[in-house]
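Visitor: Starting off with a structure, shown below.
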Amino acid sequence: MLGPVSFSGPIRQLSNKAAPGKRRKATLLPGGKLKPLQKNVILQDESKSSSQALPGIGSAAARNLTEDQVKDVLAGHWDNIPPLPSKQIRIYLSSSPDMWQEREIILKEAVPQLQDYCIQRGFSFHLVDTRWEGPKEIFDDYHAQAMHLSELEKCQKVSVGPNFVILLGDKYGEVPFPHTIPEMDFEALRQAAKENQLPNADLLEKCFIKDINAVPPQYNLKFGFNGHQELDQESCLSDEDFEELQAFFKDTCRLAVKTEKMTRAREQWYFQSVVEKELVNGIVKAPSPENSTLCFRRDFKGVPKKLQQSSAARYFDVEEKFDGIYLNQEKYSAMVKVKSERLTPSYQTDNQKLYTLQWTEMGVDQHNPEHSKYLNQLCSDFVEEVTKLIDKNLTVLKKAQKYYTPVLEEVLHHAHVWKQKCSDFSGREEFLEKVHQQLMDSTSKLPLIIHSLSGEGKSSVVSMIHKNCGQWLGPKCVTITRYLGLMQGSSTVQELVTSLIAQICTVFNLKNMIEIQGSQSSLFKLLKTFHSTLKQVASKNLIGQDRHLVLILDGIDRLTPIEEALRALWVILDLPPFTHVIISTISERGSMNIIDLFKRFIPNESCYLGLPEVPDTEAEAILDANLVKAGRSVSSEQKEAIMQAFRENRNLFLLKLLLDKAKLWKSYTSPEFLLVTPDIDGAVLGGVELLELKHGSQLIKNVVSYITLSGLGVTEQELHDLLSCNDEVMQEVYELYAAPPLEGVVHFPSVLMVRLLHDIEAYLIYREADGHDIIGWSHQLLVENLSKVYGLIYPGILQDEIDETSVDFTLNIHEDFVQLYKAEATVKKTITIQDKTIPDARRLTVPRPLNAKNLRKLRKLPFHMRVLIPANESGRIKEEILCNFQWLLTKFKGTSVKEVLSDFESVLGIMKYLETMSVDETQPKMSAREDVEMIYSSLKAAMQALKLNPENLAAEILGRATAEAQEHPYIGLLMKGAAQWVEAANTPLIIPVCPCFPYKNNSGLQGLMVGPSVFIGVTGVQDNLAVTYNYSEGVELRSLDTGEALSVFPAPLHGVFADNPLANVALSEDGQLVLIKTHPREKTKFTVWSTSFGNKVKEMTFDFQVSSFAISRDAETIVLGTHDGTILGIALHTGEESFSLQGAESSATITNIALDEVSGKIVATGQDLYVWDMPTLTLEHAFLLDGEVKCGLMKICSSSGRVVCGVSSTGTVIVASYNNGQILDTIESRTYRDMRDILIGAEGFYVIIATWNLGVDIWSVEPAQCVKSIDYPEIASDETDSDKDSIDSSLIEYIPSKVAIDHNELFLFVGFEHGEVAMYYIPTGEVVKLLMHGVQSVTNVSLFKEEFLFSSCNDGTIKRWHVKDLMTQTINRYGHSADTFAEQSPLEMHVASKPNPTESGGGTGSGEDSFYPTEDEAVREIVYSPSWICSDCVH
């Protein structure tokens, strides 16, 4: 039986919009923009399914996953890729047109319950409702039908539970008239019409036009502005033609079937309603509908044949007759057939719910008790049945999930991207062969670096390299590929290395040391583990000639921060045999030349392969291959237009944009409508304008902005909720289409979301982040150009100009995100639409509660809130994030200590930047970050306790808040939250009743064990970097801001630690290089490392023992002292000898070397003191000494040209001028036989000698006079005499280790072997503070920027002490200023009389009554000690 033939579609409505006989022309607005002509512009060939959804874990393929298949995937054998894991319950809701009230109650009542149900189980819930009370030309479009079926297919692929629900009533609905007819069907219809001599047999030819660009060709319906292609006036379809065409099409189809020119199935397809097609695809053709589908069916009883009520048209297909309204029997029969024949007995009754209602004049009347009960029951049943199917599928899912480990899930995302890129690939054979030859080079131990400008196809090339590795290196080859930035696990160095280690260990069945060490391992430990893992794979013969290991890292420039990524590359600079690493990167990013950075530590040119430009032949091959894949072609003229544009800017991303435009061209498209642009900017702008024509300018602007500014990406639900809460978007939507169909509800229609995502899907990439599937732009060039189109302020993208409007709009987008993530219940906002105000309109958003599982909220809310800080929002982020106890506790539980501290660091960075931008110097600067820094410091001090148990947070906060801190209102808010949590706690707690933990307002006490270490120094160029020795790890470069080891430079223990470590490591003056000296087998080996990148720059081995060395200021030369008294100059970068010097007649070991490059002198000691002139390389002076000068007991003062050296064996100290060769003073004392350290003042006017246990002597030079003897402290200086008598001072012995002095020569710092650091005020000789570092020997002290004192200890700690304020207070207390002392001569300063303490306020430091440190001095400790104990109070 022939189905209903009453067609619907946009043709009739559109044709009525133009005056008869008039052509519709596309006109241009100022600036070259297209003037909108209609809303339903076709952006893609919507008749074809273009869903890019990948099969979800609930699919049959996932359920049948085997262990062997998993092993193949992890080994990079990606011929048969399992489906991606999915966290979605995605249901396509189909409904007959009369079920609108049922849809309303489901959307309002059932969906929120199901969303909560799924969230609790770690899934998201999406109900795709493509029905909406919008205009027919938008939603009953024949093209929209194909789009909706594509969305149904997507639901079937990705949903892990039910995927299709139909609400079936009595109305069959409209049948959209076909816009396209395949050539085969069209010819069958035409022949049937001619053979049967139908009137107007040429009507089809008159109404359709052939498009030979379609493959196979098809006929398109003619109407005024058909898919952007304007037709001639005589080609346009008139209203009369369309009315005649409907009847003609029905008769012709019947005849074609009768004469067997067309199949019955094809005829039925043309005459099926949308509902029937959805039912067939969703249930009838579904592989196991009993597990994934539901049907809710409503039948009316007591329906008369003649319907007098006008409301009947909403519930039945009706036809008007002269005497009333009657059921359309043809359509009514069609619906009966759907119910009886389509829902076959094989469809289980458990999946169907049948409801029978008495017909009333109002149809379904909510005021009728029976009908109201029905609606409520339907809603309840809907929730119950859907949850049953969810639970049923999740039970099966648990069995399939045993293979879906985090490692496999990560790899699968990359594998599916690989598959897509390989399918689009063409050409590049010559380049691939070069890569092949590089991989076959068994001698190479360096990575291969592929580079090009952005958009030239690097990712596709490395995908093909992965594909060919099995062919090149053998079928057993293990290939591990990462598209960096694609996933959260491949966006930072730490996450990437962790992921790679896990996959390598799984493939080769090794123990994963990261799992043993814990996920909180620092970066340097991760890198070391990664390096050792590669070595272990090779050493155990797990790889060999027939089994290589290939690591492919695509887009290393996308790692953040890029500097950290470059520093980490040292681990792949000496690859084991049969191990290969391939890296791709863009050549440039803005003004940064990334390849130049690479070449600083990988200078070997053979490691670099630049990707050549794509020649025309390859570009045409790519074009043809992709057109064939899309079922399209282009004419020769159209192809030439594309190629001409491509030749002007040979960029593959531009080619993709042109290709996507070409897919829309018809063979009859006029040249002026091709709109080809030869640059990416123009192509993106043109695409955006077309989207705005179809969907609305406000909608597209905000969708683009939300995706662009979301960070890594946004979930579909988040995007839907953002649009629902955006009043400007919703006002535009309802102005263009229809008023809100649900009373009191305003939300973005699902059907519009489906259409929108369909149109931009080719430019989206699907990722996983925080347990959710997110969407983002597929290419960085797209991000950059879209940001320019809408003036978005995006990090790292330079705008031509930034105006106030752009700033406001960008901030508003971030504010929308903030409001979205803050909402813990569905959003309600008043809105005015079409002059009607809807108070507290429900936006049907998903609640986002604050809990440890909601990682999206925990990570994205701080991300967006910190962007708002420049808009005077610093107080807000403090109140809601940084100083909110419940937030901090939840984030500690849900993420990690490092992530929480990272939030603080990001905010502090922004605040510091804003302070530097302040231009009003007359106004006092009130730092908005002081309280943030205080909390940040406390949290870092409590790091180890919080890692052990986040619930230690309350005690840590209450125990560290000083009286000063509590004056800040936001810290008070934090403390109040901590106190309230303590009161509500159900477990016993030990809570501090007063501040008793160490704390400092400038920085914090950080818990980080570094092992027994020796502190070397802090660089002035790269702030707060220190070189340390670690007996378990080697030589490390550490950040003194975070305590983290930024780089680890391996060094054998027998070399560096055999004697004085300070003599075996040097840091260049600019802080760029670290030199390490070792002594393997009676030789000397120097290893030079870059501090910026962590890589080995140079390695030199000498056949003799080097006893001392120094590095030149420009880091070009190292000067070596040997055991036979020779001085050698070595060019650092070549390793070649540049000069050789010999002492007078001595062949004694050179113990000390110093370079004065201002005066051009080399000063060295052994048994004697020598001075050489560097320009002439001549020995200028030789001073005979009575004994050897030990390592460290020679210092020079370049400003005065003086040198001081001490001979411990005789107790003699010599002060000499190395410029004129005179001995200025000789100081002798038996007490100096126990010299521990020696200094010379900044101007060379005095020397400082630290002895074993008799204090520090300060001597003036010319004449030699001991101007000050400073005793080592025995007990606190403010103790009473009676107190002193009561203590046995012999029990306290202070043995100095190292000394330091400030630039103004006022303060002396002495480290002792029992762990103390004494701070002396030189004019008075008194101890200002006694800083208790630890209980073992202090190995070094160093003053940095006259603000911080760094000390290191053998207990494995480095501490930073904030001493600037204390120094200033001390100077002011004694009535002097630093400038006053600087103007005095050193001698006058040293003998200045001590003022009366009582007159200047008395006391010292902030402690007032004690020289023991308070919490104000201990700023930073890189050590782990129990944070429950105040280290200062212990002493």
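Naming scheme: A, B, ... for chains in displayed order of the structure tokens; residues 1 onward per chain; ligands 1 onward as shown.
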Could you give me, as a list in words, the residues within 6 Å of Phe1350 of chain A, counting only C-alpha atoms and dropping anything in the same chain fewer than 6 positions from it?
Guide: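 Once the nearby chain positions are removed, what remains is Val1341, Ser1342, Lys1359 and Arg1360 of chain A.
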Visitor: Can you tell me, as a PyMOL selection string, which residues in segment 464-526 of chain A count as helix (DSSP H, G or I) by DSSP?
Guide: chain A and resi 464-473+488-490+493-507+513-517+523-526
Visitor: If you measure from atom CA of Lys445 of chain A to atom CA of Pro576 of chain A, what distance in Å do you get, rounded to one decimal?
Guide: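 Value for the atom CA of Lys445 of chain A-atom CA of Pro576 of chain A distance: 6.8 Å.
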Visitor: Could you tell me which of A:Pro178, A:Gly972, A:Pro561, A:Pro950 comes closest to Lys878 of chain A if we count only C-alpha atoms?
Guide: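 Residue with the minimum atom-to-atom distance to Lys878 of chain A: A:Gly972.
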Visitor: In Å, with one decimal, what is the gap from atom CA of Thr1149 of chain A to atom CA of Leu1128 of chain A?
Guide: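 So the answer is 13.1 Å.
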Visitor: Mind dumping a table of every segment 1121-1239 of chain A residue within 9 Å of segment 1253-1269 of chain A, with the nearest atom pair and its distance in Å to one decimal, using only C-alpha atoms, sorted by chain and rising number, as CSV?
Guide:
```
residue,atom,partner,partner_atom,distance
A:Val1215,CA,A:Val1261,CA,7.7
A:Leu1224,CA,A:Glu1262,CA,6.5
A:Asp1225,CA,A:Ala1264,CA,6.0
A:Thr1226,CA,A:Ala1264,CA,7.6
A:Ile1227,CA,A:Ala1264,CA,7.2
A:Thr1231,CA,A:Leu1254,CA,7.6
A:Asp1234,CA,A:Asn1253,CA,8.5
```
Visitor: Only N, CA and C atoms, please: the residues just picked out, written as a compact mmCIF listing (two decimals), in the first residue's frame.
Guide:
```txt
# COMPACT_ATOMS: atom_id res chain seq x y z
N VAL A 1215 98.09 38.64 52.95
CA VAL A 1215 97.29 39.55 52.13
C VAL A 1215 98.26 40.20 51.15
N LEU A 1224 101.04 42.84 51.33
CA LEU A 1224 100.57 43.98 52.11
C LEU A 1224 100.62 43.71 53.60
N ASP A 1225 100.24 42.51 54.00
CA ASP A 1225 100.25 42.17 55.42
C ASP A 1225 100.46 40.67 55.58
N THR A 1226 101.10 40.34 56.70
CA THR A 1226 101.24 38.94 57.11
C THR A 1226 100.72 38.83 58.53
N ILE A 1227 99.73 37.97 58.69
CA ILE A 1227 99.10 37.80 60.00
C ILE A 1227 99.42 36.40 60.48
N THR A 1231 96.39 30.27 66.76
CA THR A 1231 94.97 29.92 66.71
C THR A 1231 94.48 29.73 65.27
N ASP A 1234 93.86 26.35 63.00
CA ASP A 1234 92.58 25.66 62.85
C ASP A 1234 91.60 26.51 62.03
```
Visitor: Considering only C-alpha atoms, return as number ranges by chain whatever protein or nucleic-acid residues lie within 6 Å of segment 751-766 of chain A, sequence-local ones (same chain, fewer than 5 positions apart) excluded.
Guide: A: 130, 774-778
Visitor: Between atom CA of Ile514 of chain A and atom CA of Leu948 of chain A, measure the distance and give it in Å to one decimal.
Guide: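 Separation between atom CA of Ile514 of chain A and atom CA of Leu948 of chain A: 17.4 Å.
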Visitor: As a VMD selection string, please: the residues near Pro849 of chain A (cut-off 10 Å, only C-alpha atoms, same-chain neighbours under 2 positions excluded).
Guide: chain A and resid 821 to 825 846 to 847 851 to 854 857
Visitor: How would the residues just picked look written out with C-alpha atoms as a PDB file, in the first residue's frame?
Guide:
```
ATOM      1  CA  TYR A 821      30.536  25.821  37.532  1.00  0.00           C
ATOM      2  CA  LYS A 822      29.353  27.570  40.709  1.00  0.00           C
ATOM      3  CA  ALA A 823      25.734  26.515  40.275  1.00  0.00           C
ATOM      4  CA  GLU A 824      25.004  23.606  42.612  1.00  0.00           C
ATOM      5  CA  ALA A 825      21.348  23.514  41.560  1.00  0.00           C
ATOM      6  CA  VAL A 846      22.848  20.189  35.293  1.00  0.00           C
ATOM      7  CA  PRO A 847      23.669  20.789  38.979  1.00  0.00           C
ATOM      8  CA  ASN A 851      32.625  17.187  45.791  1.00  0.00           C
ATOM      9  CA  ALA A 852      35.893  15.372  45.225  1.00  0.00           C
ATOM     10  CA  LYS A 853      34.558  13.537  42.158  1.00  0.00           C
ATOM     11  CA  ASN A 854      33.546  16.682  40.291  1.00  0.00           C
ATOM     12  CA  LYS A 857      34.404  22.070  38.719  1.00  0.00           C
TER      13      LYS A 857
END
```
Visitor: So that I can check the surroundings of His451 of chain A, please list as a ChimeraX atom specification every protein, DNA and RNA residue that reaches within 6 Å of it, counting only C-alpha atoms and ignoring chain neighbours fewer than 5 positions away.
Guide: /A:584-587,610-611
Visitor: Identify all residues of segment 91-261 of chain A in strand (DSSP E) (DSSP on the backbone) and supply them as a PyMOL selection string.
Guide: chain A and resi 91-95+124-129+164-168+175-176+180-182+208-211+218-221+225-226+229-230
Visitor: Using the selection just defined, write its residues with N, CA and C atoms as an mmCIF file, in the first residue's frame.
Guide:
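Below is the file selection-v6.cif, written as the result:
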```
data_model
loop_
_atom_site.group_PDB
_atom_site.id
_atom_site.type_symbol
_atom_site.label_atom_id
_atom_site.label_comp_id
_atom_site.auth_asym_id
_atom_site.auth_seq_id
_atom_site.Cartn_x
_atom_site.Cartn_y
_atom_site.Cartn_z
ATOM 1 N N ILE A 91 20.672 9.311 25.014
ATOM 2 C CA ILE A 91 19.411 8.753 24.523
ATOM 3 C C ILE A 91 18.814 9.681 23.475
ATOM 4 N N TYR A 92 18.505 9.104 22.338
ATOM 5 C CA TYR A 92 17.781 9.840 21.298
ATOM 6 C C TYR A 92 16.290 9.703 21.593
ATOM 7 N N LEU A 93 15.626 10.810 21.833
ATOM 8 C CA LEU A 93 14.202 10.797 22.150
ATOM 9 C C LEU A 93 13.409 11.105 20.888
ATOM 10 N N SER A 94 12.756 10.080 20.371
ATOM 11 C CA SER A 94 11.882 10.253 19.221
ATOM 12 C C SER A 94 10.439 10.318 19.719
ATOM 13 N N SER A 95 9.633 11.080 19.024
ATOM 14 C CA SER A 95 8.233 11.164 19.466
ATOM 15 C C SER A 95 7.370 11.595 18.297
ATOM 16 N N SER A 124 27.667 10.851 32.464
ATOM 17 C CA SER A 124 26.839 12.003 32.124
ATOM 18 C C SER A 124 25.603 11.510 31.377
ATOM 19 N N PHE A 125 24.516 12.263 31.494
ATOM 20 C CA PHE A 125 23.261 11.872 30.863
ATOM 21 C C PHE A 125 22.859 12.945 29.862
ATOM 22 N N HIS A 126 22.588 12.515 28.626
ATOM 23 C CA HIS A 126 22.149 13.435 27.575
ATOM 24 C C HIS A 126 20.868 12.891 26.956
ATOM 25 N N LEU A 127 19.850 13.727 26.906
ATOM 26 C CA LEU A 127 18.622 13.377 26.209
ATOM 27 C C LEU A 127 18.544 14.274 24.972
ATOM 28 N N VAL A 128 18.665 13.653 23.813
ATOM 29 C CA VAL A 128 18.649 14.403 22.552
ATOM 30 C C VAL A 128 17.220 14.451 22.046
ATOM 31 N N ASP A 129 16.602 15.620 22.144
ATOM 32 C CA ASP A 129 15.217 15.805 21.723
ATOM 33 C C ASP A 129 15.211 16.686 20.473
ATOM 34 N N PHE A 164 17.898 4.763 22.689
ATOM 35 C CA PHE A 164 16.753 5.200 21.895
ATOM 36 C C PHE A 164 15.467 4.974 22.687
ATOM 37 N N VAL A 165 14.684 6.034 22.783
ATOM 38 C CA VAL A 165 13.364 5.959 23.414
ATOM 39 C C VAL A 165 12.378 6.652 22.484
ATOM 40 N N ILE A 166 11.250 6.022 22.245
ATOM 41 C CA ILE A 166 10.234 6.632 21.386
ATOM 42 C C ILE A 166 8.941 6.800 22.161
ATOM 43 N N LEU A 167 8.326 7.938 22.014
ATOM 44 C CA LEU A 167 7.005 8.231 22.563
ATOM 45 C C LEU A 167 6.033 8.178 21.388
ATOM 46 N N LEU A 168 5.206 7.168 21.358
ATOM 47 C CA LEU A 168 4.386 6.902 20.179
ATOM 48 C C LEU A 168 2.917 7.173 20.489
ATOM 49 N N VAL A 175 5.581 14.229 6.045
ATOM 50 C CA VAL A 175 6.600 13.546 5.260
ATOM 51 C C VAL A 175 7.364 14.597 4.471
ATOM 52 N N PRO A 176 8.585 14.905 4.846
ATOM 53 C CA PRO A 176 9.328 15.941 4.125
ATOM 54 C C PRO A 176 9.544 15.543 2.672
ATOM 55 N N THR A 180 16.735 15.898 -2.693
ATOM 56 C CA THR A 180 17.669 15.253 -3.616
ATOM 57 C C THR A 180 17.140 13.873 -3.978
ATOM 58 N N ILE A 181 17.376 13.497 -5.226
ATOM 59 C CA ILE A 181 16.986 12.167 -5.696
ATOM 60 C C ILE A 181 18.189 11.568 -6.405
ATOM 61 N N PRO A 182 18.643 10.380 -5.990
ATOM 62 C CA PRO A 182 19.764 9.751 -6.698
ATOM 63 C C PRO A 182 19.445 9.573 -8.182
ATOM 64 N N PHE A 208 13.805 19.670 -11.078
ATOM 65 C CA PHE A 208 15.084 19.219 -10.520
ATOM 66 C C PHE A 208 16.210 19.574 -11.473
ATOM 67 N N ILE A 209 17.395 19.726 -10.930
ATOM 68 C CA ILE A 209 18.588 20.007 -11.714
ATOM 69 C C ILE A 209 19.672 19.013 -11.326
ATOM 70 N N LYS A 210 20.370 18.510 -12.316
ATOM 71 C CA LYS A 210 21.352 17.469 -12.085
ATOM 72 C C LYS A 210 22.649 18.052 -11.533
ATOM 73 N N ASP A 211 23.183 17.368 -10.526
ATOM 74 C CA ASP A 211 24.471 17.751 -9.928
ATOM 75 C C ASP A 211 25.443 16.607 -10.145
ATOM 76 N N GLN A 218 23.346 13.104 -8.636
ATOM 77 C CA GLN A 218 22.013 13.194 -8.058
ATOM 78 C C GLN A 218 21.315 14.424 -8.630
ATOM 79 N N TYR A 219 20.000 14.447 -8.419
ATOM 80 C CA TYR A 219 19.197 15.580 -8.881
ATOM 81 C C TYR A 219 18.736 16.368 -7.665
ATOM 82 N N ASN A 220 18.926 17.674 -7.732
ATOM 83 C CA ASN A 220 18.554 18.558 -6.627
ATOM 84 C C ASN A 220 17.325 19.367 -6.996
ATOM 85 N N LEU A 221 16.462 19.534 -6.001
ATOM 86 C CA LEU A 221 15.257 20.335 -6.195
ATOM 87 C C LEU A 221 15.643 21.788 -6.404
ATOM 88 N N PHE A 225 17.324 30.022 -3.615
ATOM 89 C CA PHE A 225 18.725 30.170 -3.170
ATOM 90 C C PHE A 225 19.157 28.820 -2.665
ATOM 91 N N ASN A 226 19.346 27.905 -3.587
ATOM 92 C CA ASN A 226 19.522 26.489 -3.273
ATOM 93 C C ASN A 226 20.955 26.216 -2.840
ATOM 94 N N GLN A 229 23.595 28.492 -4.034
ATOM 95 C CA GLN A 229 23.803 28.610 -5.474
ATOM 96 C C GLN A 229 22.574 29.289 -6.094
ATOM 97 N N GLU A 230 22.754 30.515 -6.538
ATOM 98 C CA GLU A 230 21.635 31.228 -7.138
ATOM 99 C C GLU A 230 21.385 30.691 -8.541
#
```
Visitor: So, with only C-alpha atoms as the atoms that count, which of A:Arg589, A:Val807, A:Ile106, A:Trp665 lies closest to Glu784 of chain A?
Guide: A:Arg589
Visitor: Which is closest to Gln115 of chain A among A:Gly489, A:Leu408, A:Leu844, A:Glu1326, if we use only C-alpha atoms?
Guide: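 Nearest to Gln115 of chain A: A:Leu844.
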Visitor: Contacts of Ile582 of chain A at 10 Å or less, counting only C-alpha atoms, minus same-chain residues fewer than 3 places along, as a ChimeraX atom specification?
Guide: /A:435,439,446-450,462,465-466,481,550-554,607
Visitor: Take the residues that were just selected and, keeping C-alpha atoms, output them as a PDB file, in the first residue's frame.
Guide:
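Listed below is the output, out20.pdb:
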```
ATOM      1  CA  VAL A 435      62.598   8.912   7.828  1.00  0.00           C
ATOM      2  CA  LEU A 439      65.439   4.723  11.526  1.00  0.00           C
ATOM      3  CA  LEU A 446      69.764  10.813  19.137  1.00  0.00           C
ATOM      4  CA  PRO A 447      66.107  11.628  18.440  1.00  0.00           C
ATOM      5  CA  LEU A 448      64.795  12.579  15.018  1.00  0.00           C
ATOM      6  CA  ILE A 449      63.120  15.989  14.998  1.00  0.00           C
ATOM      7  CA  ILE A 450      60.567  16.760  12.258  1.00  0.00           C
ATOM      8  CA  VAL A 462      54.008  11.140  11.944  1.00  0.00           C
ATOM      9  CA  ILE A 465      55.451   6.927  10.170  1.00  0.00           C
ATOM     10  CA  HIS A 466      53.679   4.971  12.908  1.00  0.00           C
ATOM     11  CA  THR A 481      52.587   7.454  19.675  1.00  0.00           C
ATOM     12  CA  VAL A 550      59.791   3.561  18.591  1.00  0.00           C
ATOM     13  CA  LEU A 551      58.453   6.533  20.548  1.00  0.00           C
ATOM     14  CA  ILE A 552      56.645   9.189  18.493  1.00  0.00           C
ATOM     15  CA  LEU A 553      55.801  12.513  20.161  1.00  0.00           C
ATOM     16  CA  ASP A 554      53.768  14.757  17.882  1.00  0.00           C
ATOM     17  CA  CYS A 607      68.773  15.000  13.692  1.00  0.00           C
TER      18      CYS A 607
END
```
Visitor: As a PDB file with N, CA and C atoms, in the first residue's frame, please: the residues near Leu908 of chain A (cut-off 10 Å, only C-alpha atoms, same-chain neighbours under 5 positions excluded).
Guide:
```pdb
ATOM      1  N   ARG A 866      40.464  33.154  37.774  1.00  0.00           N
ATOM      2  CA  ARG A 866      41.688  33.947  37.824  1.00  0.00           C
ATOM      3  C   ARG A 866      41.812  34.894  36.633  1.00  0.00           C
ATOM      4  N   SER A 902      49.341  25.027  42.645  1.00  0.00           N
ATOM      5  CA  SER A 902      49.404  25.628  41.319  1.00  0.00           C
ATOM      6  C   SER A 902      48.350  26.704  41.148  1.00  0.00           C
ATOM      7  N   ASP A 903      47.172  26.516  41.737  1.00  0.00           N
ATOM      8  CA  ASP A 903      46.143  27.561  41.707  1.00  0.00           C
ATOM      9  C   ASP A 903      46.663  28.838  42.372  1.00  0.00           C
ATOM     10  N   TYR A 913      51.965  40.705  38.451  1.00  0.00           N
ATOM     11  CA  TYR A 913      52.018  41.410  37.174  1.00  0.00           C
ATOM     12  C   TYR A 913      51.190  42.688  37.241  1.00  0.00           C
ATOM     13  N   LEU A 914      50.002  42.615  37.838  1.00  0.00           N
ATOM     14  CA  LEU A 914      49.153  43.798  37.935  1.00  0.00           C
ATOM     15  C   LEU A 914      49.806  44.880  38.790  1.00  0.00           C
ATOM     16  N   ALA A 928      47.496  43.309  47.169  1.00  0.00           N
ATOM     17  CA  ALA A 928      46.312  42.457  47.305  1.00  0.00           C
ATOM     18  C   ALA A 928      46.691  41.002  47.492  1.00  0.00           C
ATOM     19  N   ARG A 929      47.965  40.696  47.398  1.00  0.00           N
ATOM     20  CA  ARG A 929      48.382  39.300  47.434  1.00  0.00           C
ATOM     21  C   ARG A 929      48.989  38.886  48.769  1.00  0.00           C
ATOM     22  N   GLU A 930      49.081  39.802  49.729  1.00  0.00           N
ATOM     23  CA  GLU A 930      49.757  39.461  50.970  1.00  0.00           C
ATOM     24  C   GLU A 930      49.096  38.287  51.671  1.00  0.00           C
ATOM     25  N   VAL A 932      47.134  36.071  50.286  1.00  0.00           N
ATOM     26  CA  VAL A 932      47.259  34.889  49.441  1.00  0.00           C
ATOM     27  C   VAL A 932      48.629  34.250  49.637  1.00  0.00           C
ATOM     28  N   GLU A 933      49.663  35.074  49.723  1.00  0.00           N
ATOM     29  CA  GLU A 933      51.014  34.550  49.936  1.00  0.00           C
ATOM     30  C   GLU A 933      51.139  33.870  51.295  1.00  0.00           C
ATOM     31  N   TYR A 936      49.442  30.523  50.936  1.00  0.00           N
ATOM     32  CA  TYR A 936      50.295  29.712  50.061  1.00  0.00           C
ATOM     33  C   TYR A 936      51.503  29.197  50.828  1.00  0.00           C
TER      34      TYR A 936
END
```
